[in-house]
>>> print(open('target.cif').read())   # mmCIF, C-alpha atoms and all ligand atoms
data_final
#
loop_
_atom_site.label_atom_id
_atom_site.label_comp_id
_atom_site.auth_asym_id
_atom_site.auth_seq_id
_atom_site.Cartn_x
_atom_site.Cartn_y
_atom_site.Cartn_z
CA MET U 1 56.53 -122.51 -31.90
CA ASP U 2 56.81 -123.99 -35.40
CA ASN U 3 53.93 -126.07 -36.69
CA CYS U 4 51.51 -125.17 -33.92
CA ILE U 5 48.15 -124.33 -35.45
CA PHE U 6 47.03 -122.22 -32.49
CA CYS U 7 50.29 -120.21 -32.52
CA LYS U 8 49.53 -119.38 -36.16
CA ILE U 9 45.87 -118.57 -35.48
CA ALA U 10 46.71 -116.49 -32.39
CA ALA U 11 49.34 -114.54 -34.35
CA GLY U 12 46.86 -113.88 -37.16
CA GLU U 13 48.96 -115.87 -39.67
CA ILE U 14 45.94 -118.10 -40.33
CA PRO U 15 42.72 -116.10 -40.71
CA SER U 16 39.97 -116.81 -38.20
CA THR U 17 36.77 -115.18 -37.05
CA THR U 18 37.99 -113.23 -34.05
CA LEU U 19 35.51 -112.31 -31.31
CA TYR U 20 38.13 -110.53 -29.22
CA GLU U 21 41.85 -109.81 -29.31
CA ASP U 22 44.38 -108.02 -27.17
CA ASP U 23 48.15 -108.25 -26.59
CA ASP U 24 47.85 -111.55 -24.68
CA VAL U 25 44.97 -113.56 -26.16
CA ARG U 26 42.78 -114.11 -29.20
CA VAL U 27 39.24 -115.50 -28.99
CA ILE U 28 37.87 -117.42 -31.99
CA PHE U 29 34.95 -119.69 -32.83
CA ASP U 30 35.74 -123.42 -32.69
CA ILE U 31 35.96 -125.03 -36.15
CA GLY U 32 33.90 -127.99 -34.92
CA PRO U 33 31.52 -126.37 -32.46
CA ALA U 34 29.96 -128.54 -29.76
CA THR U 35 27.07 -126.04 -29.78
CA LYS U 36 26.21 -122.73 -31.41
CA GLY U 37 28.67 -120.06 -30.23
CA HIS U 38 31.42 -122.45 -29.01
CA ALA U 39 34.45 -120.17 -28.56
CA LEU U 40 38.12 -120.74 -27.72
CA VAL U 41 40.30 -118.38 -25.70
CA ILE U 42 43.87 -118.81 -26.97
CA PRO U 43 46.94 -117.17 -25.38
CA LYS U 44 49.30 -115.73 -27.98
CA ALA U 45 52.31 -117.25 -26.22
CA HIS U 46 52.88 -120.95 -26.83
CA VAL U 47 52.18 -122.89 -23.64
CA ALA U 48 51.09 -126.50 -23.91
CA ASN U 49 48.76 -126.84 -20.94
CA VAL U 50 47.69 -125.55 -17.51
CA PHE U 51 50.96 -126.68 -15.96
CA GLU U 52 53.04 -124.53 -18.32
CA ILE U 53 50.99 -121.35 -18.34
CA PRO U 54 52.13 -118.61 -15.92
CA ASP U 55 49.48 -117.78 -13.31
CA ASP U 56 49.08 -114.19 -14.45
CA LEU U 57 48.33 -115.30 -18.02
CA LEU U 58 46.03 -118.04 -16.71
CA GLY U 59 44.11 -115.44 -14.74
CA LYS U 60 43.95 -113.14 -17.75
CA ALA U 61 42.72 -115.96 -20.02
CA TYR U 62 39.98 -116.94 -17.55
CA SER U 63 38.98 -113.33 -17.08
CA VAL U 64 38.54 -113.03 -20.86
CA ALA U 65 36.66 -116.36 -20.93
CA LYS U 66 34.26 -114.97 -18.32
CA LYS U 67 33.62 -111.84 -20.38
CA ILE U 68 33.07 -113.90 -23.54
CA ALA U 69 30.68 -116.16 -21.61
CA GLN U 70 28.74 -113.10 -20.46
CA ALA U 71 28.51 -111.80 -24.04
CA LEU U 72 27.41 -115.22 -25.35
CA LYS U 73 24.80 -115.43 -22.57
CA GLU U 74 23.34 -112.15 -23.76
CA THR U 75 23.44 -112.92 -27.48
CA THR U 76 22.75 -116.65 -27.96
CA GLY U 77 19.79 -117.29 -25.68
CA CYS U 78 21.64 -120.19 -24.07
CA GLU U 79 20.48 -121.65 -20.74
CA GLY U 80 23.97 -122.27 -19.30
CA ILE U 81 27.65 -122.19 -20.25
CA ASN U 82 30.58 -124.58 -19.80
CA ILE U 83 34.01 -122.98 -19.32
CA LEU U 84 36.65 -125.70 -19.41
CA GLN U 85 39.99 -126.81 -20.73
CA ASN U 86 41.68 -130.16 -21.31
CA ASN U 87 45.22 -131.16 -20.33
CA GLY U 88 46.76 -134.20 -22.01
CA GLU U 89 45.51 -136.64 -24.59
CA MET U 90 43.78 -138.83 -22.03
CA ALA U 91 41.81 -135.79 -20.88
CA GLY U 92 40.64 -135.04 -24.42
CA GLN U 93 43.25 -132.46 -25.43
CA SER U 94 43.85 -132.58 -29.18
CA VAL U 95 45.64 -129.26 -29.75
CA PHE U 96 48.66 -128.97 -27.48
CA HIS U 97 48.58 -125.22 -27.11
CA PHE U 98 46.61 -124.13 -24.03
CA HIS U 99 43.07 -122.95 -24.73
CA ILE U 100 39.86 -122.44 -22.81
CA HIS U 101 36.56 -123.65 -24.27
CA VAL U 102 33.51 -121.45 -23.73
CA ILE U 103 30.48 -123.53 -24.68
CA PRO U 104 26.93 -122.17 -24.53
CA ARG U 105 24.41 -124.85 -23.53
CA TYR U 106 20.86 -125.11 -24.81
CA GLU U 107 17.97 -127.22 -23.68
CA GLY U 108 18.10 -130.49 -25.65
CA ASP U 109 21.54 -129.85 -27.17
CA THR U 110 23.62 -132.90 -28.05
CA ALA U 111 27.02 -131.65 -26.86
CA ASN U 112 29.14 -134.51 -25.56
CA ILE U 113 31.43 -132.83 -23.02
P1 LIG B 201 40.94 -129.77 -27.31
O1 LIG B 201 40.39 -131.10 -27.78
O2 LIG B 201 42.43 -129.71 -27.53
O3 LIG B 201 40.53 -129.39 -25.92
O4 LIG B 201 40.25 -128.69 -28.24
C1 LIG B 201 40.73 -128.36 -29.50
C2 LIG B 201 39.61 -127.66 -30.22
O5 LIG B 201 40.17 -126.91 -31.28
C3 LIG B 201 38.59 -128.61 -30.83
O6 LIG B 201 37.30 -128.30 -30.31
C4 LIG B 201 38.70 -128.36 -32.33
O7 LIG B 201 37.45 -128.39 -32.98
C5 LIG B 201 39.32 -126.98 -32.38
N1 LIG B 201 40.17 -126.73 -33.54
C6 LIG B 201 41.16 -127.54 -34.02
N2 LIG B 201 41.76 -126.98 -35.08
C7 LIG B 201 41.13 -125.78 -35.27
C8 LIG B 201 41.32 -124.74 -36.25
O8 LIG B 201 42.16 -124.79 -37.15
N3 LIG B 201 40.49 -123.66 -36.14
C9 LIG B 201 39.56 -123.56 -35.14
N4 LIG B 201 38.79 -122.44 -35.12
N5 LIG B 201 39.35 -124.51 -34.21
C10 LIG B 201 40.14 -125.62 -34.29
ZN ZN B 202 51.33 -122.90 -30.01
#
>>> encode(input="target.cif", output="structure tokens", more="lines below")
Ligand code: 5GP
Ligand code: ZN
Amino acid sequence: MDNCIFCKIAAGEIPSTTLYEDDDVRVIFDIGPATKGHALVIPKAHVANVFEIPDDLLGKAYSVAKKIAQALKETTGCEGINILQNNGEMAGQSVFHFHIHVIPRYEGDTANI
């Protein structure tokens, strides 16, 4: 899709620090991290939200999110992890290309989720 920042990032047209990539998804660090290690799982196909994403790709994206969460758990020293995604402006979505947030949580962190 034209003019979608996450399409461009997922396709590698805009450089990003990539934690993981395969044919279906790219995982990057959030540009405005809620906490240290805040990652985003982004499907390469343009789908706006959970209602548009096919179930097989949804499952794949969550499976990758789980693996990223496990890796962050082992490397960041976090105490817990949020795995979540927003659908619609009223729900806090600001980029209208489906993505899953993986947010390590630390004692005393100031994340406002
Ligand atoms: P949403 O509010 O849509 O659930 O989450 C969008 C997230 O994308 C935000 O946490 C925001 O910081 C992040 N973001 C927006 N633009 C960029 C970008 O160009 N690069 C990266 N790495 N993250 C971005
Ligand atoms: Zn897109």
>>> closest_atom_pairs(input="target.cif", of="chain U", to="ligand LIG 201 (chain B)", cutoff="10 Å", atoms="only C-alpha atoms and all ligand atoms", output="JSON lines")
{"residue": "U:Cys4", "atom": "CA", "partner": "B:LIG201", "partner_atom": "O8", "distance": 9.9}
{"residue": "U:Ile5", "atom": "CA", "partner": "B:LIG201", "partner_atom": "O8", "distance": 6.2}
{"residue": "U:Phe6", "atom": "CA", "partner": "B:LIG201", "partner_atom": "O8", "distance": 7.2}
{"residue": "U:Lys8", "atom": "CA", "partner": "B:LIG201", "partner_atom": "O8", "distance": 9.2}
{"residue": "U:Ile9", "atom": "CA", "partner": "B:LIG201", "partner_atom": "O8", "distance": 7.4}
{"residue": "U:Ile14", "atom": "CA", "partner": "B:LIG201", "partner_atom": "O8", "distance": 8.3}
{"residue": "U:Pro15", "atom": "CA", "partner": "B:LIG201", "partner_atom": "N3", "distance": 9.1}
{"residue": "U:Ser16", "atom": "CA", "partner": "B:LIG201", "partner_atom": "N4", "distance": 6.5}
{"residue": "U:Thr17", "atom": "CA", "partner": "B:LIG201", "partner_atom": "N4", "distance": 7.8}
{"residue": "U:Thr18", "atom": "CA", "partner": "B:LIG201", "partner_atom": "N4", "distance": 9.3}
{"residue": "U:Val27", "atom": "CA", "partner": "B:LIG201", "partner_atom": "N4", "distance": 9.3}
{"residue": "U:Ile28", "atom": "CA", "partner": "B:LIG201", "partner_atom": "N4", "distance": 6.0}
{"residue": "U:Phe29", "atom": "CA", "partner": "B:LIG201", "partner_atom": "N4", "distance": 5.2}
{"residue": "U:Asp30", "atom": "CA", "partner": "B:LIG201", "partner_atom": "N4", "distance": 4.0}
{"residue": "U:Ile31", "atom": "CA", "partner": "B:LIG201", "partner_atom": "N5", "distance": 3.9}
{"residue": "U:Gly32", "atom": "CA", "partner": "B:LIG201", "partner_atom": "O7", "distance": 4.1}
{"residue": "U:Pro33", "atom": "CA", "partner": "B:LIG201", "partner_atom": "O7", "distance": 6.3}
{"residue": "U:Ala34", "atom": "CA", "partner": "B:LIG201", "partner_atom": "O6", "distance": 7.4}
{"residue": "U:His38", "atom": "CA", "partner": "B:LIG201", "partner_atom": "O6", "distance": 8.4}
{"residue": "U:Ala39", "atom": "CA", "partner": "B:LIG201", "partner_atom": "N4", "distance": 8.2}
{"residue": "U:Leu40", "atom": "CA", "partner": "B:LIG201", "partner_atom": "O5", "distance": 7.4}
{"residue": "U:Ile42", "atom": "CA", "partner": "B:LIG201", "partner_atom": "O5", "distance": 9.9}
{"residue": "U:Ala48", "atom": "CA", "partner": "B:LIG201", "partner_atom": "O2", "distance": 9.9}
{"residue": "U:Asn49", "atom": "CA", "partner": "B:LIG201", "partner_atom": "O2", "distance": 9.6}
{"residue": "U:Leu84", "atom": "CA", "partner": "B:LIG201", "partner_atom": "O3", "distance": 8.4}
{"residue": "U:Gln85", "atom": "CA", "partner": "B:LIG201", "partner_atom": "O3", "distance": 5.8}
{"residue": "U:Asn86", "atom": "CA", "partner": "B:LIG201", "partner_atom": "O3", "distance": 4.8}
{"residue": "U:Asn87", "atom": "CA", "partner": "B:LIG201", "partner_atom": "O3", "distance": 7.5}
{"residue": "U:Gly88", "atom": "CA", "partner": "B:LIG201", "partner_atom": "O2", "distance": 8.3}
{"residue": "U:Glu89", "atom": "CA", "partner": "B:LIG201", "partner_atom": "O2", "distance": 8.1}
{"residue": "U:Ala91", "atom": "CA", "partner": "B:LIG201", "partner_atom": "O3", "distance": 8.2}
{"residue": "U:Gly92", "atom": "CA", "partner": "B:LIG201", "partner_atom": "O1", "distance": 5.2}
{"residue": "U:Gln93", "atom": "CA", "partner": "B:LIG201", "partner_atom": "O2", "distance": 3.6}
{"residue": "U:Ser94", "atom": "CA", "partner": "B:LIG201", "partner_atom": "O2", "distance": 3.6}
{"residue": "U:Val95", "atom": "CA", "partner": "B:LIG201", "partner_atom": "O2", "distance": 3.9}
{"residue": "U:Phe96", "atom": "CA", "partner": "B:LIG201", "partner_atom": "O2", "distance": 6.3}
{"residue": "U:His97", "atom": "CA", "partner": "B:LIG201", "partner_atom": "O2", "distance": 7.6}
{"residue": "U:Phe98", "atom": "CA", "partner": "B:LIG201", "partner_atom": "O2", "distance": 7.8}
{"residue": "U:His99", "atom": "CA", "partner": "B:LIG201", "partner_atom": "O3", "distance": 7.0}
{"residue": "U:Ile100", "atom": "CA", "partner": "B:LIG201", "partner_atom": "O3", "distance": 7.6}
{"residue": "U:His101", "atom": "CA", "partner": "B:LIG201", "partner_atom": "O3", "distance": 7.2}
>>> closest_residue(input="target.cif", among="U:Ile83, U:Thr76, U:Thr35, U:Ala65", to="Asn112 in chain U", atoms="all atoms listed in the file")
U:Thr35
>>> closest_residue(input="target.cif", among="U:Glu107, U:Asp55, U:Asp2, U:Asp24", to="ligand ZN 202 (chain B)", atoms="all atoms listed in the file")
U:Asp2
>>> closest_residue(input="target.cif", among="U:Asn3, U:Thr75, U:Gln70, U:Thr110", to="ligand ZN 202 (chain B)", atoms="only C-alpha atoms and all ligand atoms")
U:Asn3
>>> atom_distance(input="target.cif", atom1="CA of Asp22 in chain U", atom2="CA of Ile113 in chain U")
28.3 Å
>>> closest_residue(input="target.cif", among="U:Ile81, U:Pro43, U:Ala11, U:Arg26", to="Lys66 in chain U", atoms="all atoms listed in the file")
U:Ile81
>>> atom_distance(input="target.cif", atom1="CA of Asn82 in chain U", atom2="CA of Gly12 in chain U")
26.1 Å
>>> atom_distance(input="target.cif", atom1="CA of Pro104 in chain U", atom2="CA of Lys67 in chain U")
13.0 Å
>>> closest_residue(input="target.cif", among="U:Arg105, U:Lys36, U:Glu52, U:Glu13", to="Glu79 in chain U", atoms="all atoms listed in the file")
U:Arg105
>>> closest_residue(input="target.cif", among="U:Gly108, U:Val25, U:Ile103, U:Val50", to="Val64 in chain U", atoms="all atoms listed in the file")
U:Val25
>>> axis_aligned_box(input="target.cif", around="range 99-107 of chain U", padding_each_side="4 Å", output="lines of an AutoDock Vina configuration file")
center_x = 30.5
center_y = -124.3
center_z = -23.8
size_x = 33.1
size_y = 13.8
size_z = 10.0
>>> decode(input="target.cif", residues="range 24-100 of chain U", atoms="C-alpha atoms", output="PDB file, in the first residue's frame")
ATOM      1  CA  ASP U  24       5.731 -13.179   6.407  1.00  0.00           C
ATOM      2  CA  VAL U  25       6.876 -10.776   9.130  1.00  0.00           C
ATOM      3  CA  ARG U  26       9.590  -8.373  10.240  1.00  0.00           C
ATOM      4  CA  VAL U  27      10.288  -7.576  13.899  1.00  0.00           C
ATOM      5  CA  ILE U  28      11.784  -4.178  14.759  1.00  0.00           C
ATOM      6  CA  PHE U  29      12.371  -2.007  17.811  1.00  0.00           C
ATOM      7  CA  ASP U  30       9.723   0.674  18.403  1.00  0.00           C
ATOM      8  CA  ILE U  31      10.958   4.203  17.592  1.00  0.00           C
ATOM      9  CA  GLY U  32       9.371   5.503  20.807  1.00  0.00           C
ATOM     10  CA  PRO U  33       9.818   2.589  23.177  1.00  0.00           C
ATOM     11  CA  ALA U  34       7.491   2.330  26.178  1.00  0.00           C
ATOM     12  CA  THR U  35      10.320   0.425  27.893  1.00  0.00           C
ATOM     13  CA  LYS U  36      13.748  -0.942  27.005  1.00  0.00           C
ATOM     14  CA  GLY U  37      13.378  -3.642  24.342  1.00  0.00           C
ATOM     15  CA  HIS U  38       9.889  -2.635  23.111  1.00  0.00           C
ATOM     16  CA  ALA U  39       9.504  -4.540  19.828  1.00  0.00           C
ATOM     17  CA  LEU U  40       6.903  -4.594  17.046  1.00  0.00           C
ATOM     18  CA  VAL U  41       5.929  -7.644  15.003  1.00  0.00           C
ATOM     19  CA  ILE U  42       4.841  -6.381  11.584  1.00  0.00           C
ATOM     20  CA  PRO U  43       3.325  -8.584   8.848  1.00  0.00           C
ATOM     21  CA  LYS U  44       4.777  -7.832   5.429  1.00  0.00           C
ATOM     22  CA  ALA U  45       1.305  -7.823   3.855  1.00  0.00           C
ATOM     23  CA  HIS U  46      -0.724  -4.661   4.377  1.00  0.00           C
ATOM     24  CA  VAL U  47      -3.639  -5.400   6.695  1.00  0.00           C
ATOM     25  CA  ALA U  48      -5.070  -2.585   8.769  1.00  0.00           C
ATOM     26  CA  ASN U  49      -6.145  -4.396  11.923  1.00  0.00           C
ATOM     27  CA  VAL U  50      -7.144  -7.682  13.576  1.00  0.00           C
ATOM     28  CA  PHE U  51     -10.370  -7.808  11.576  1.00  0.00           C
ATOM     29  CA  GLU U  52      -8.524  -7.753   8.247  1.00  0.00           C
ATOM     30  CA  ILE U  53      -5.685 -10.144   8.987  1.00  0.00           C
ATOM     31  CA  PRO U  54      -6.208 -13.766   7.879  1.00  0.00           C
ATOM     32  CA  ASP U  55      -6.199 -16.207  10.802  1.00  0.00           C
ATOM     33  CA  ASP U  56      -3.151 -18.101   9.582  1.00  0.00           C
ATOM     34  CA  LEU U  57      -1.097 -14.895   9.431  1.00  0.00           C
ATOM     35  CA  LEU U  58      -2.493 -13.806  12.805  1.00  0.00           C
ATOM     36  CA  GLY U  59      -1.365 -17.102  14.290  1.00  0.00           C
ATOM     37  CA  LYS U  60       2.040 -16.776  12.674  1.00  0.00           C
ATOM     38  CA  ALA U  61       2.468 -13.200  13.945  1.00  0.00           C
ATOM     39  CA  TYR U  62       1.543 -14.202  17.511  1.00  0.00           C
ATOM     40  CA  SER U  63       3.822 -17.214  17.351  1.00  0.00           C
ATOM     41  CA  VAL U  64       6.695 -14.903  16.382  1.00  0.00           C
ATOM     42  CA  ALA U  65       5.667 -12.442  19.131  1.00  0.00           C
ATOM     43  CA  LYS U  66       5.885 -15.288  21.656  1.00  0.00           C
ATOM     44  CA  LYS U  67       9.388 -16.226  20.492  1.00  0.00           C
ATOM     45  CA  ILE U  68      10.517 -12.588  20.619  1.00  0.00           C
ATOM     46  CA  ALA U  69       9.041 -12.281  24.120  1.00  0.00           C
ATOM     47  CA  GLN U  70      10.985 -15.361  25.199  1.00  0.00           C
ATOM     48  CA  ALA U  71      14.212 -13.916  23.781  1.00  0.00           C
ATOM     49  CA  LEU U  72      13.585 -10.541  25.458  1.00  0.00           C
ATOM     50  CA  LYS U  73      12.852 -12.323  28.750  1.00  0.00           C
ATOM     51  CA  GLU U  74      16.244 -13.983  28.555  1.00  0.00           C
ATOM     52  CA  THR U  75      18.206 -10.896  27.493  1.00  0.00           C
ATOM     53  CA  THR U  76      16.658  -7.846  29.187  1.00  0.00           C
ATOM     54  CA  GLY U  77      16.157  -8.983  32.765  1.00  0.00           C
ATOM     55  CA  CYS U  78      12.529  -7.874  32.629  1.00  0.00           C
ATOM     56  CA  GLU U  79      10.018  -9.072  35.239  1.00  0.00           C
ATOM     57  CA  GLY U  80       7.069  -9.497  32.843  1.00  0.00           C
ATOM     58  CA  ILE U  81       6.021  -8.823  29.246  1.00  0.00           C
ATOM     59  CA  ASN U  82       2.947  -7.287  27.604  1.00  0.00           C
ATOM     60  CA  ILE U  83       1.956  -8.706  24.205  1.00  0.00           C
ATOM     61  CA  LEU U  84      -0.811  -6.573  22.747  1.00  0.00           C
ATOM     62  CA  GLN U  85      -2.154  -4.774  19.730  1.00  0.00           C
ATOM     63  CA  ASN U  86      -4.530  -1.872  19.157  1.00  0.00           C
ATOM     64  CA  ASN U  87      -7.428  -1.703  16.692  1.00  0.00           C
ATOM     65  CA  GLY U  88      -8.817   1.711  15.784  1.00  0.00           C
ATOM     66  CA  GLU U  89      -7.966   5.221  16.846  1.00  0.00           C
ATOM     67  CA  MET U  90     -10.127   5.062  19.952  1.00  0.00           C
ATOM     68  CA  ALA U  91      -8.176   1.997  21.060  1.00  0.00           C
ATOM     69  CA  GLY U  92      -4.856   3.805  20.674  1.00  0.00           C
ATOM     70  CA  GLN U  93      -3.894   2.645  17.174  1.00  0.00           C
ATOM     71  CA  SER U  94      -1.769   5.274  15.443  1.00  0.00           C
ATOM     72  CA  VAL U  95      -0.281   3.254  12.567  1.00  0.00           C
ATOM     73  CA  PHE U  96      -3.029   1.593  10.555  1.00  0.00           C
ATOM     74  CA  HIS U  97      -1.030  -1.435   9.501  1.00  0.00           C
ATOM     75  CA  PHE U  98      -1.503  -4.367  11.902  1.00  0.00           C
ATOM     76  CA  HIS U  99       1.309  -4.851  14.402  1.00  0.00           C
ATOM     77  CA  ILE U 100       1.840  -6.604  17.710  1.00  0.00           C
TER      78      ILE U 100
END
